[in-house]
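Q: One file: work.cif (mmCIF, C-alpha atoms (C1' of nucleotides)).
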```cif
data_run
#
loop_
_atom_site.label_atom_id
_atom_site.label_comp_id
_atom_site.auth_asym_id
_atom_site.auth_seq_id
_atom_site.Cartn_x
_atom_site.Cartn_y
_atom_site.Cartn_z
CA MET A 1269 29.87 24.12 -23.34
CA THR A 1270 27.32 21.66 -24.55
CA GLU A 1271 24.02 22.26 -22.85
CA ARG A 1272 23.23 19.10 -21.06
CA PRO A 1273 20.48 18.71 -18.53
CA ARG A 1274 21.54 19.94 -15.12
CA TYR A 1275 19.85 20.76 -11.93
CA ASP A 1276 18.74 24.30 -11.45
CA ALA A 1277 21.85 26.29 -10.79
CA ASP A 1278 20.35 28.66 -8.28
CA ASP A 1279 18.28 26.48 -6.03
CA GLY A 1280 20.69 27.26 -3.22
CA MET A 1281 21.25 23.70 -2.14
CA THR A 1282 24.22 21.57 -1.42
CA ALA A 1283 24.71 18.43 -3.43
CA ARG A 1284 23.52 16.41 -0.50
CA THR A 1285 20.31 18.27 0.15
CA ARG A 1286 19.68 18.31 -3.56
CA ARG A 1287 19.95 14.53 -3.47
CA GLN A 1288 17.41 14.40 -0.71
CA VAL A 1289 15.14 16.63 -2.70
CA ARG A 1290 15.30 14.18 -5.55
CA MET A 1291 13.68 11.70 -3.20
CA THR A 1292 11.16 14.07 -1.69
CA GLU A 1293 10.30 16.61 -4.33
CA PRO A 1294 8.14 14.32 -6.39
CA VAL A 1295 5.66 14.36 -3.59
CA GLU A 1296 5.30 18.09 -3.58
CA ARG A 1297 6.24 18.94 -7.16
CA ASP A 1298 4.44 16.61 -9.49
CA PRO A 1299 6.04 14.45 -12.02
CA TYR A 1300 6.36 11.36 -9.89
CA ARG A 1301 3.33 11.68 -7.69
CA GLY A 1302 1.97 8.34 -6.73
CA ARG A 1303 5.13 6.63 -7.83
CA SER A 1304 6.77 4.35 -5.40
CA PRO A 1305 10.03 5.61 -3.95
CA ARG A 1306 11.63 2.56 -5.47
CA LYS A 1307 11.14 4.04 -8.91
CA ILE A 1308 12.13 7.60 -8.27
CA PRO A 1309 15.27 8.69 -10.09
CA ALA A 1310 17.45 9.30 -7.08
CA TYR A 1311 20.91 7.96 -7.83
CA SER A 1312 23.57 9.27 -10.14
CA SER A 1313 25.83 6.89 -12.02
CA PHE A 1314 28.57 7.90 -9.66
CA GLU A 1315 26.61 6.86 -6.60
CA ALA A 1316 25.48 3.64 -8.20
CA SER A 1317 29.03 2.79 -9.13
CA ARG A 1318 30.22 3.35 -5.59
CA TYR A 1319 27.49 1.41 -3.89
CA LEU A 1320 27.56 -1.51 -6.27
CA ARG A 1321 31.31 -1.56 -6.84
CA ILE A 1322 30.98 -1.26 -10.57
CA PRO A 1323 33.17 1.26 -12.40
CA GLU A 1324 31.30 4.44 -13.17
CA ASN A 1325 31.67 4.22 -16.93
CA THR A 1326 30.38 0.69 -16.89
CA VAL A 1327 27.30 1.79 -14.99
CA ARG A 1328 26.69 4.45 -17.58
CA ASN A 1329 27.21 2.04 -20.46
CA TRP A 1330 24.81 -0.48 -19.02
CA ALA A 1331 22.14 1.92 -17.92
CA PHE A 1332 22.12 4.42 -20.75
CA GLY A 1333 23.90 2.71 -23.61
CA TYR A 1334 27.07 3.94 -25.20
CA ALA A 1335 28.49 5.01 -28.51
CA GLN A 1336 31.69 3.71 -29.97
CA ARG A 1337 33.74 4.58 -33.01
CA THR A 1338 33.87 1.57 -35.27
CA GLY A 1339 35.68 3.23 -38.13
CA PRO A 1340 36.29 6.59 -39.70
CA GLY A 1341 32.98 8.39 -39.49
CA ARG A 1342 31.16 5.28 -38.30
CA THR A 1343 29.81 4.88 -34.82
CA MET A 1344 27.69 2.24 -33.27
CA ARG A 1345 25.33 2.78 -30.42
CA SER A 1346 24.47 0.12 -27.87
CA ARG A 1347 21.09 -0.35 -26.34
CA PRO A 1348 20.74 0.13 -22.58
CA LEU A 1349 20.30 -3.06 -20.56
CA LEU A 1350 17.57 -1.65 -18.39
CA LYS A 1351 14.90 1.02 -18.31
CA ALA A 1352 16.53 3.82 -16.42
CA ALA A 1353 14.22 5.98 -14.33
CA ASP A 1354 15.40 9.19 -15.95
CA THR A 1355 17.43 8.87 -19.11
CA GLN A 1356 17.38 12.61 -19.69
CA ARG A 1357 19.15 13.50 -16.51
CA HIS A 1358 21.05 10.25 -16.22
CA LEU A 1359 19.47 9.26 -12.95
CA LEU A 1360 18.72 5.79 -11.67
CA SER A 1361 16.05 4.48 -9.36
CA PHE A 1362 16.40 1.95 -6.59
CA VAL A 1363 14.89 -0.62 -8.94
CA ASN A 1364 17.60 0.17 -11.46
CA LEU A 1365 20.24 -0.24 -8.76
CA VAL A 1366 18.99 -3.71 -8.01
CA GLU A 1367 18.99 -4.54 -11.71
CA LEU A 1368 22.58 -3.42 -12.03
CA HIS A 1369 23.37 -5.61 -9.07
CA MET A 1370 21.99 -8.61 -10.95
CA ILE A 1371 23.57 -7.74 -14.27
CA SER A 1372 26.87 -7.41 -12.53
CA ALA A 1373 26.43 -10.94 -11.23
CA LEU A 1374 26.16 -12.24 -14.76
CA ARG A 1375 28.64 -10.06 -16.50
CA ARG A 1376 31.36 -9.48 -13.98
CA ASP A 1377 31.15 -12.46 -11.69
CA HIS A 1378 30.18 -15.05 -14.21
CA ASN A 1379 31.66 -13.64 -17.38
CA VAL A 1380 28.58 -13.96 -19.50
CA GLN A 1381 28.89 -11.98 -22.69
CA MET A 1382 26.77 -8.95 -23.19
CA PRO A 1383 24.74 -10.12 -26.20
CA LYS A 1384 23.75 -13.22 -24.29
CA ILE A 1385 22.68 -11.16 -21.32
CA ARG A 1386 20.62 -9.01 -23.66
CA ARG A 1387 18.91 -12.01 -25.18
CA ALA A 1388 18.22 -13.47 -21.77
CA ILE A 1389 16.73 -10.23 -20.48
CA ASP A 1390 14.56 -9.81 -23.56
CA TYR A 1391 13.33 -13.35 -23.24
CA LEU A 1392 12.60 -13.08 -19.54
CA GLU A 1393 10.86 -9.78 -20.07
CA ALA A 1394 8.39 -11.44 -22.39
CA LYS A 1395 8.14 -14.65 -20.42
CA LEU A 1396 7.62 -13.10 -17.00
CA ARG A 1397 5.77 -10.09 -18.41
CA SER A 1398 7.83 -7.84 -16.24
CA PRO A 1399 9.59 -4.64 -17.23
CA HIS A 1400 12.35 -5.49 -14.77
CA PRO A 1401 12.53 -9.26 -15.08
CA LEU A 1402 15.89 -9.78 -13.41
CA ILE A 1403 14.58 -8.59 -10.08
CA ASP A 1404 11.06 -9.91 -10.41
CA GLU A 1405 9.89 -12.20 -7.66
CA GLU A 1406 9.37 -14.97 -10.16
CA MET A 1407 13.02 -14.79 -10.97
CA GLU A 1408 13.77 -16.08 -7.53
CA THR A 1409 11.38 -18.99 -7.75
CA ASP A 1410 11.14 -20.25 -11.34
CA GLY A 1411 13.12 -17.54 -13.06
CA THR A 1412 16.57 -18.89 -12.48
CA ASP A 1413 15.54 -22.30 -13.76
CA ILE A 1414 13.87 -20.85 -16.81
CA PHE A 1415 16.96 -18.81 -17.30
CA ILE A 1416 19.36 -21.70 -16.94
CA ASN A 1417 17.25 -24.11 -19.01
CA LYS A 1418 16.87 -21.70 -21.85
CA TYR A 1419 20.25 -20.01 -21.75
CA GLY A 1420 22.40 -22.25 -19.64
CA SER A 1421 23.84 -24.22 -22.51
CA LEU A 1422 24.27 -21.10 -24.55
CA ILE A 1423 26.07 -19.34 -21.78
CA ASN A 1424 27.93 -22.17 -20.22
CA ALA A 1425 28.20 -25.53 -21.88
CA SER A 1426 29.09 -27.66 -18.90
CA ARG A 1427 26.54 -28.88 -16.42
CA ASP A 1428 28.77 -27.87 -13.55
CA GLY A 1429 29.06 -24.43 -15.01
CA GLN A 1430 25.31 -24.15 -15.16
CA LEU A 1431 24.94 -25.23 -11.57
CA ALA A 1432 27.56 -22.73 -10.54
CA MET A 1433 25.73 -20.00 -12.37
CA LYS A 1434 22.47 -20.88 -10.72
CA ALA A 1435 24.15 -20.72 -7.33
CA LEU A 1436 25.64 -17.36 -8.19
CA LEU A 1437 22.34 -15.93 -9.34
CA GLN A 1438 20.67 -17.21 -6.20
CA ALA A 1439 23.40 -15.70 -4.07
CA HIS A 1440 22.76 -12.34 -5.65
CA LEU A 1441 19.00 -12.69 -5.35
CA LYS A 1442 19.42 -13.50 -1.68
CA ARG A 1443 20.70 -9.98 -1.18
CA ILE A 1444 17.43 -8.53 -2.35
CA GLU A 1445 14.81 -8.26 0.35
CA ARG A 1446 11.18 -8.36 -0.67
CA ASP A 1447 7.95 -7.33 0.98
CA GLU A 1448 4.98 -9.62 1.33
CA ARG A 1449 3.98 -8.84 -2.25
CA GLY A 1450 7.36 -9.94 -3.49
CA VAL A 1451 8.45 -6.45 -4.42
CA ALA A 1452 12.12 -5.66 -3.95
CA VAL A 1453 12.34 -3.17 -1.13
CA ARG A 1454 15.85 -3.43 0.21
CA LEU A 1455 19.27 -4.25 -1.17
CA PHE A 1456 22.31 -5.48 0.68
CA PRO A 1457 25.16 -4.46 -1.59
CA PHE A 1458 28.44 -6.30 -1.62
CA THR A 1459 30.93 -4.21 0.27
CA ARG A 1460 34.11 -6.11 -0.29
CA LYS A 1461 35.93 -7.71 -3.09
CA ARG A 1462 34.03 -10.83 -3.95
CA ASP A 1463 34.83 -14.14 -5.50
CA ALA A 1464 33.02 -17.43 -5.89
CA ASP A 1465 34.00 -18.65 -2.44
CA THR A 1466 33.14 -15.65 -0.31
CA ILE A 1467 30.08 -14.56 -2.21
CA VAL A 1468 27.55 -16.77 -0.52
CA GLU A 1469 28.36 -15.90 3.06
CA ALA A 1470 29.30 -12.27 2.54
CA PRO A 1471 27.79 -10.45 5.53
CA LYS A 1472 24.74 -8.24 5.16
CA LEU A 1473 25.71 -5.28 7.27
CA ILE A 1474 24.90 -2.45 4.89
CA ALA A 1475 21.49 -1.87 3.37
CA ILE A 1476 20.03 0.42 0.75
CA ASP A 1477 16.39 1.06 1.47
CA PRO A 1478 14.55 3.77 -0.42
CA ALA A 1479 12.42 4.36 2.65
CA VAL A 1480 15.38 5.01 4.95
CA ALA A 1481 17.74 7.98 4.84
CA PHE A 1482 16.59 8.94 1.37
CA GLY A 1483 17.88 5.70 -0.03
CA ARG A 1484 21.47 6.22 1.00
CA PRO A 1485 23.22 3.11 2.26
CA VAL A 1486 22.93 2.71 6.02
CA ILE A 1487 24.13 0.28 8.63
CA VAL A 1488 21.52 -2.44 8.87
CA GLY A 1489 18.98 -1.92 11.60
CA SER A 1490 19.96 1.69 12.09
CA ARG A 1491 19.38 4.91 10.26
CA VAL A 1492 23.06 5.79 10.22
CA PRO A 1493 24.20 6.50 6.67
CA THR A 1494 27.55 5.06 5.70
CA SER A 1495 28.55 8.49 4.45
CA GLU A 1496 28.17 9.82 7.98
CA ILE A 1497 30.56 7.17 9.26
CA ALA A 1498 33.00 7.72 6.43
CA GLN A 1499 33.10 11.44 7.14
CA ARG A 1500 33.98 10.91 10.78
CA PHE A 1501 36.64 8.45 9.79
CA GLN A 1502 38.09 10.84 7.27
CA ALA A 1503 38.16 13.56 9.89
CA GLY A 1504 40.48 11.39 11.92
CA GLU A 1505 38.24 9.56 14.34
CA SER A 1506 39.16 5.95 14.93
CA PRO A 1507 36.66 3.30 13.91
CA SER A 1508 36.24 2.19 17.50
CA GLU A 1509 35.37 5.72 18.57
CA VAL A 1510 32.87 6.03 15.75
CA ALA A 1511 31.40 2.67 16.61
CA GLN A 1512 30.99 3.78 20.20
CA ASP A 1513 29.31 7.04 19.19
CA PHE A 1514 26.70 5.37 17.05
CA GLY A 1515 26.30 2.30 19.20
CA ARG A 1516 27.39 -0.02 16.43
CA THR A 1517 30.07 -2.64 16.23
CA GLU A 1518 33.48 -1.92 14.85
CA GLU A 1519 32.94 -4.43 12.07
CA GLU A 1520 29.88 -2.52 10.94
CA VAL A 1521 31.86 0.67 10.91
CA TRP A 1522 34.54 -0.88 8.74
CA GLU A 1523 31.91 -2.15 6.34
CA ALA A 1524 30.46 1.33 6.12
CA ILE A 1525 33.88 2.76 5.35
CA ARG A 1526 34.46 0.12 2.71
CA CYS A 1527 31.15 0.99 1.16
CA GLU A 1528 32.12 4.63 0.77
CA PHE A 1529 35.74 4.12 -0.25
CA PRO A 1530 35.77 1.16 -2.61
CA THR A 1531 39.50 1.50 -3.13
CA ALA A 1532 40.35 1.19 0.54
CA ALA A 1533 41.62 -2.06 1.94
"C1'" DC X 687 38.95 33.51 -4.87
"C1'" DG X 688 41.06 28.78 -4.93
"C1'" DC X 689 40.61 24.03 -4.03
"C1'" DG X 690 38.14 19.84 -4.00
"C1'" DT X 691 34.32 17.15 -5.69
"C1'" DC X 692 31.14 15.63 -8.96
"C1'" DA X 693 28.82 15.15 -13.63
"C1'" DC X 694 29.42 14.12 -18.16
"C1'" DG X 695 31.27 13.61 -22.68
"C1'" DC X 696 35.06 12.06 -24.93
"C1'" DT X 697 39.26 9.22 -26.40
"C1'" DA X 698 42.07 5.47 -26.24
"C1'" DA X 699 44.07 1.21 -24.39
"C1'" DT X 700 43.01 -3.42 -23.56
"C1'" DT X 701 40.97 -7.67 -23.92
"C1'" DA X 702 37.62 -11.02 -25.48
"C1'" DA X 703 34.70 -12.65 -29.13
"C1'" DT X 704 33.71 -13.35 -34.02
"C1'" DG X 705 34.33 -13.42 -38.87
"C1'" DT X 706 36.87 -14.84 -43.00
"C1'" DA I 587 46.19 -16.70 -38.91
"C1'" DC I 588 44.63 -12.31 -39.16
"C1'" DA I 589 41.28 -8.55 -39.11
"C1'" DT I 590 37.25 -6.64 -37.27
"C1'" DT I 591 33.88 -5.77 -33.81
"C1'" DA I 592 32.20 -5.53 -29.02
"C1'" DA I 593 32.74 -4.45 -24.27
"C1'" DT I 594 35.04 -2.63 -20.40
"C1'" DT I 595 37.68 0.62 -18.12
"C1'" DA I 596 41.13 4.40 -17.18
"C1'" DG I 597 41.84 8.85 -17.74
"C1'" DC I 598 41.33 13.63 -19.55
"C1'" DG I 599 38.95 18.21 -20.11
"C1'" DT I 600 35.37 21.13 -18.87
"C1'" DG I 601 32.07 23.14 -16.28
"C1'" DA I 602 29.40 23.69 -11.99
"C1'" DC I 603 29.11 24.06 -7.41
"C1'" DG I 604 30.29 23.97 -2.24
"C1'" DC I 605 33.09 25.25 1.34
"C1'" DG I 606 36.40 27.67 3.61
#
```
Could you spell out this file's structure in structure tokens?
A:
Amino acid sequence: MTERPRYDADDGMTARTRRQVRMTEPVERDPYRGRSPRKIPAYSSFEASRYLRIPENTVRNWAFGYAQRTGPGRTMRSRPLLKAADTQRHLLSFVNLVELHMISALRRDHNVQMPKIRRAIDYLEAKLRSPHPLIDEEMETDGTDIFINKYGSLINASRDGQLAMKALLQAHLKRIERDERGVAVRLFPFTRKRDADTIVEAPKLIAIDPAVAFGRPVIVGSRVPTSEIAQRFQAGESPSEVAQDFGRTEEEVWEAIRCEFPTAA
DNA sequence: CGCGTCACGCTAATTAATGT
DNA sequence: ACATTAATTAGCGTGACGCG
């Protein structure tokens, strides 16, 4: 009923091809010409939530802000935690995905409260002069120390807690691959339930690379999208068969399936 | 057409922080 | 201690497609 921004109704495309067009159309149609594929609004909240294992509503709240009733006739509106690539159409870029990955480290894995995350991001933004400070290269070198020194005591009073948080941040940063200029170009999302013990050595079998398969998650070192695998599996093929077909290991196939069906064991 | 999937806005339950 | 606010998350309704 409400007219919200949608894709053209009659472009005659499936959801999937439309998704691919989101990645490619900027080149031929204009608005994003010259923009790196990392910044193109290519992911819906739904996709981001699946790939990053963050509930969909949470993704929306973080990326676009949210409104909440605080009393009769009173609402409060929260500020987004990041600069989404397309706030109009609620679409996220690869860069945004990586940011969500980092925010999730703080909020969900380390239980840092939202206002503190906001303050930290604002501070880092000014300090590192980066619009996306959490995933800036400097974050990996000096950033975490700046972060912990400035906010460590605020966020976690104990020294051990601060060390743990640094380790956690580093573990998340380790899953971001950078090019020689230090720009984040590939993300290895967590594909299984994670806790403090498993987080460091969680395998990197699935990758999201905006330059491969239109940014859909693929099995590392291949161009096989996880969705492809998941479809076969859903159609009744056994993981070992699928693995055989694509020339991948069975473990990789299971990871791909986990990536697409977060609820599955 | 009917069913399934997704997008999106909304409410409400729940839980954690904060204020007084 | 008790009330209020903030944040997260499930779940519902609607509308739009896609696919058979």
Q: Counting all atoms listed in the file, which residue out of A:Lys1384, A:Pro1309, A:Phe1482, A:Ala1335 sits closest to DT697 (chain X)?
A: A:Ala1335
Q: Taking only C-alpha atoms (C1' of nucleotides) into account and nothing else, which residues of chain X lie no more than 9 Å away from chain A? Please answer as a count of residues only.
A: 4
Q: When the PyMOL selection byres ((chain I and resi 599) around 9) is applied to the file above, which residues end up in the set, as JSON, numbers by chain?
A: {"X": [696], "I": [598, 600]}
Q: Can you write just those residues out, C-alpha atoms (C1' of nucleotides), as a PDB file, in the frame of the given file?
A:
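This went into part.pdb:
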```pdb
ATOM      1  C1'  DC X 696      35.060  12.060 -24.930  1.00  0.00           C
TER       2       DC X 696
ATOM      3  C1'  DC I 598      41.330  13.630 -19.550  1.00  0.00           C
ATOM      4  C1'  DT I 600      35.370  21.130 -18.870  1.00  0.00           C
TER       5       DT I 600
END
```
Q: Kindly provide, as an NGL selection string, the residues of chain I having any atom no farther than 8 Å from an atom of chain A, counting only C-alpha atoms (C1' of nucleotides).
A: :I and (591 or 593-595 or 600-601 or 604)
Q: Do you have the CA of Ala1310 (chain A)-CA of Ala1524 (chain A) distance handy?
A: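 Taking CA of Ala1310 (chain A) as the start and CA of Ala1524 (chain A) as the end point, the length is 20.2 Å.
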Q: CA of Gln1356 (chain A) and CA of Ile1308 (chain A) are how many Å apart?
A: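 Atom-to-atom, CA of Gln1356 (chain A) and CA of Ile1308 (chain A) are spaced 13.5 Å apart.
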Q: Could you please determine the separation between C1' of DG705 (chain X) and C1' of DA592 (chain I) in Å, to one decimal place?
A: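 These two atoms are separated by 12.8 Å.
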Q: Applied to this file, what does the PyMOL selection byres ((chain A and resi 1349) around 10) return in terms of residues, put as number ranges by chain?
A: A: 1329-1333, 1346-1348, 1350-1352, 1367-1368, 1371, 1382, 1385-1386, 1389-1390
Q: My list of candidates is A:Trp1522, A:Phe1362, A:Tyr1334, A:Phe1501. Which is closest to Pro1305 (chain A) when distances are computed with only C-alpha atoms?
A: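 The shortest atom-to-atom distance to Pro1305 (chain A) comes from A:Phe1362.
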Q: So which residues touch DC689 (chain X) within 10 Å, counting all atoms listed in the file, skipping near sequence neighbours fewer than 2 positions away, as a list in words?
A: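 Result of the neighbour search: DC687 and DT691 of chain X; DC605 and DG606 of chain I.
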Q: For the file shown, what are the residues hit by the PyMOL selection byres ((chain I and resi 589) around 12), laid out as an mmCIF file with C-alpha atoms (C1' of nucleotides), in the frame of the given file?
A:
```cif
data_model
loop_
_atom_site.group_PDB
_atom_site.id
_atom_site.type_symbol
_atom_site.label_atom_id
_atom_site.label_comp_id
_atom_site.auth_asym_id
_atom_site.auth_seq_id
_atom_site.Cartn_x
_atom_site.Cartn_y
_atom_site.Cartn_z
ATOM 1 C "C1'" DT X 704 33.710 -13.350 -34.020
ATOM 2 C "C1'" DG X 705 34.330 -13.420 -38.870
ATOM 3 C "C1'" DT X 706 36.870 -14.840 -43.000
ATOM 4 C "C1'" DA I 587 46.190 -16.700 -38.910
ATOM 5 C "C1'" DC I 588 44.630 -12.310 -39.160
ATOM 6 C "C1'" DT I 590 37.250 -6.640 -37.270
ATOM 7 C "C1'" DT I 591 33.880 -5.770 -33.810
#
```
Q: Can you tell me, as an MDAnalysis selection string, which residues sit within 10 Å of (29.6, 10.2, 14.4) in the file's frame, using only C-alpha atoms (C1' of nucleotides)?
A: chainID A and resid 1492 1496:1501 1505 1507 1509:1515
Q: Between A:Asp1377, A:Asp1354, A:Glu1519, A:Asp1477, single out the one closest to Ala1435 (chain A), counting all atoms listed in the file.
A: A:Asp1377
Q: Can you tell me, as a list in words, what residues are no more than 12 Å from Ser1495 (chain A) when counting all atoms listed in the file, ignoring any on the same chain fewer than 4 positions away?
A: Arg1284, Glu1315, Arg1318, Tyr1319, Ile1474, Ala1481, Gly1483, Arg1484, Pro1485, Val1486, Ile1487, Arg1491, Gln1499, Arg1500, Phe1501, Gln1502, Val1521, Trp1522, Glu1523, Ala1524, Ile1525, Arg1526, Cys1527, Glu1528 and Phe1529 of chain A
